[in-house]
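Following: one structure in structure tokens, then a few remarks.
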Amino acid sequence: PPPPLPRTASARRRISTPQTGSPTTDLVFGGVAFTWAQCGFKAQAMGGAKNHMVVLPDADVDMAADAAVSAAYGSAGERCMAISVVVAVGDVGDQLVEAIRVRMEKLVIGPASDPSSEMGPLITREARDRVAGYIQAGAEAGCQVVVDGRDQAFEGDGFFLGVSLLDHVTTDMSVYTDEIFGPVLSVVRADSYAEGAQMIRDNPFGNGAAIGSRAGGAARRVVLLRAREARAHVVVQQLARLLVAIVPVRVDVARACLLYTSPSPRDQRGSRM
């Protein structure tokens with residue numbers, strides 16, 4: 001049975017705002033978050049994700065490309081924290097897209113039983129066909145298909161689909177607005193940091209965001225922005241010259257759950273998420 005829900009209408013509004021389109025489902029998600037929070041535990045309950053990575057012109061392009069490829073195509077993109085959108089700011093776009101493309105060519109795709117495989121098949125035939133349909137939809141909408149995973153051939157059994165890279169994606173295309181949940185990375189161009197940050201702010205999904213920059217100030221701005229809006233714990237990890245800010249993004253139910261939780265002592269020290 002569904003968990004008990006907040007007693008007051010105002011509490012229910014804080015816990016759950018429409019995300020799935022089903023009031024019943026949204027209230028159940030909100031009830032789960034509320035119940036766990038009341039017991040002193042962290043909880044996340046959500047129905048979709050669209051994780052962004054903003055790359056600024058001063059970023060180390062090689063490191064940013066490495067991070068994008070690993071985050072986008074690991075587990076065939078079938079994970080909640082996969083980066084599915086790269087926001088290329090300013091003149092870094094062409095160089096970044098080419099660096100990502102070169103790395104994609106070196107990925108080894110094959111069965112999990114092969115130790116050399118770096119990415120396996122999708123979970124079902126329906127999932128593979130649905131992801132392939134998004135690639136087609138992106139092409140028809142006008143984005144540039146830099147790498148088309150549908151063109152790659154594979155031997156043996158398995159619902160294989162190659163990795164795909166879409167450039168010049170706009171925020172009204174389905175490849176941007178929907179959770180694809182597959183090995184497809186969309187690149188959106190932005191003129192400024194503020195424009196890229198606004199894309200994250202306007203997106204209704206989570207679960208996280210990252211920024212690639214050599215400047216610590218840019219990462220701190222993201223941290224402060226997300227902390228003010230979500231009142232959530234944030235973690236900043238410095239990886240050589242690439243500064244990555246891992247922060248919660250606006251997720252209707254997950255954000256509400258975070259309003260009722262606080263970081264554990266270990267979280268405050270930054271030893272884990």
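To be explicit about the labels: the chains of the structure tokens are called A, B, and onward in the order shown, and within each one the residues are counted from 1, while ligands get numbers from 1 in the order they are shown.
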Contacts of Val89 in chain A at 9 Å (only C-alpha atoms; same-chain gap of 4+ positions) as a count of residues only:
13
Per residue of range 141-203 of chain A within 12 Å of range 123-136 of chain A, what are the shortest atom pair and its distance in Å to one decimal, counting only C-alpha atoms, with rows by chain and residue number, as a tab-separated table?
residue	atom	partner	partner_atom	distance
A:Ala141	CA	A:Gln136	CA	8.6
A:Gly142	CA	A:Gln136	CA	10.1
A:Cys143	CA	A:Ile135	CA	9.6
A:Gln144	CA	A:Ile135	CA	10.2
A:Val145	CA	A:Ile135	CA	7.9
A:Val146	CA	A:Ile135	CA	10.9
A:Val147	CA	A:Ile135	CA	10.0
A:Asp148	CA	A:Ile135	CA	7.6
A:Gly149	CA	A:Ala132	CA	8.0
A:Arg150	CA	A:Ala132	CA	6.7
A:Asp151	CA	A:Ala132	CA	10.4
A:Gln152	CA	A:Ala132	CA	11.9
A:Asp157	CA	A:Arg125	CA	11.2
A:Gly158	CA	A:Thr124	CA	8.4
A:Phe159	CA	A:Arg125	CA	5.6
A:Phe160	CA	A:Arg128	CA	7.1
A:Leu161	CA	A:Arg128	CA	6.5
A:Gly162	CA	A:Ala132	CA	9.6
A:Val163	CA	A:Ala132	CA	10.4
A:Ser164	CA	A:Ile135	CA	7.8
A:Leu165	CA	A:Ile135	CA	9.1
A:Leu166	CA	A:Ile135	CA	8.1
A:Asp167	CA	A:Ile135	CA	11.5
A:Val169	CA	A:Ile135	CA	11.4
A:Met173	CA	A:Tyr134	CA	9.8
A:Ser174	CA	A:Tyr134	CA	7.3
A:Val175	CA	A:Tyr134	CA	6.1
A:Tyr176	CA	A:Tyr134	CA	9.8
A:Thr177	CA	A:Tyr134	CA	11.0
A:Asp178	CA	A:Tyr134	CA	9.2
A:Glu179	CA	A:Val131	CA	9.8
A:Ile180	CA	A:Val131	CA	6.1
A:Phe181	CA	A:Val131	CA	7.4
A:Gly182	CA	A:Val131	CA	6.0
A:Pro183	CA	A:Val131	CA	8.0
A:Val184	CA	A:Ile135	CA	7.8
A:Leu185	CA	A:Ile135	CA	10.0
A:Ser186	CA	A:Ile135	CA	10.0
So what do you get for CA of His168 in chain A versus CA of Ala153 in chain A, distance-wise?
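Pair CA of His168 in chain A / CA of Ala153 in chain A returns 25.9 Å.
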One number please: CA of Ser117 in chain A to CA of Asp94 in chain A, in Å, one decimal.
28.7 Å
DSSP alpha helix (DSSP H) residues within range 15-146 of chain A, listed as a PyMOL selection string
chain A and resi 15+23-38+61-73+93-105+125-141
So, counting only C-alpha atoms, which residue among A:Leu107, A:Val97, A:Ile211, A:Met53 is closest to Ala71 in chain A?
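Residue with the minimum atom-to-atom distance to Ala71 in chain A: A:Met53.
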Of the listed residues A:Gln198, A:Val69, A:Gly138, A:Pro204, that which approaches Leu96 in chain A most closely, counting only C-alpha atoms:
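For Leu96 in chain A, the nearest of the candidates is A:Val69.
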Using DSSP on the backbone coordinates, identify the residues of range 69-208 of chain A assigned to strand (DSSP E); present them as a PyMOL selection string.
chain A and resi 83-89+144-147+164-167+184-190+208
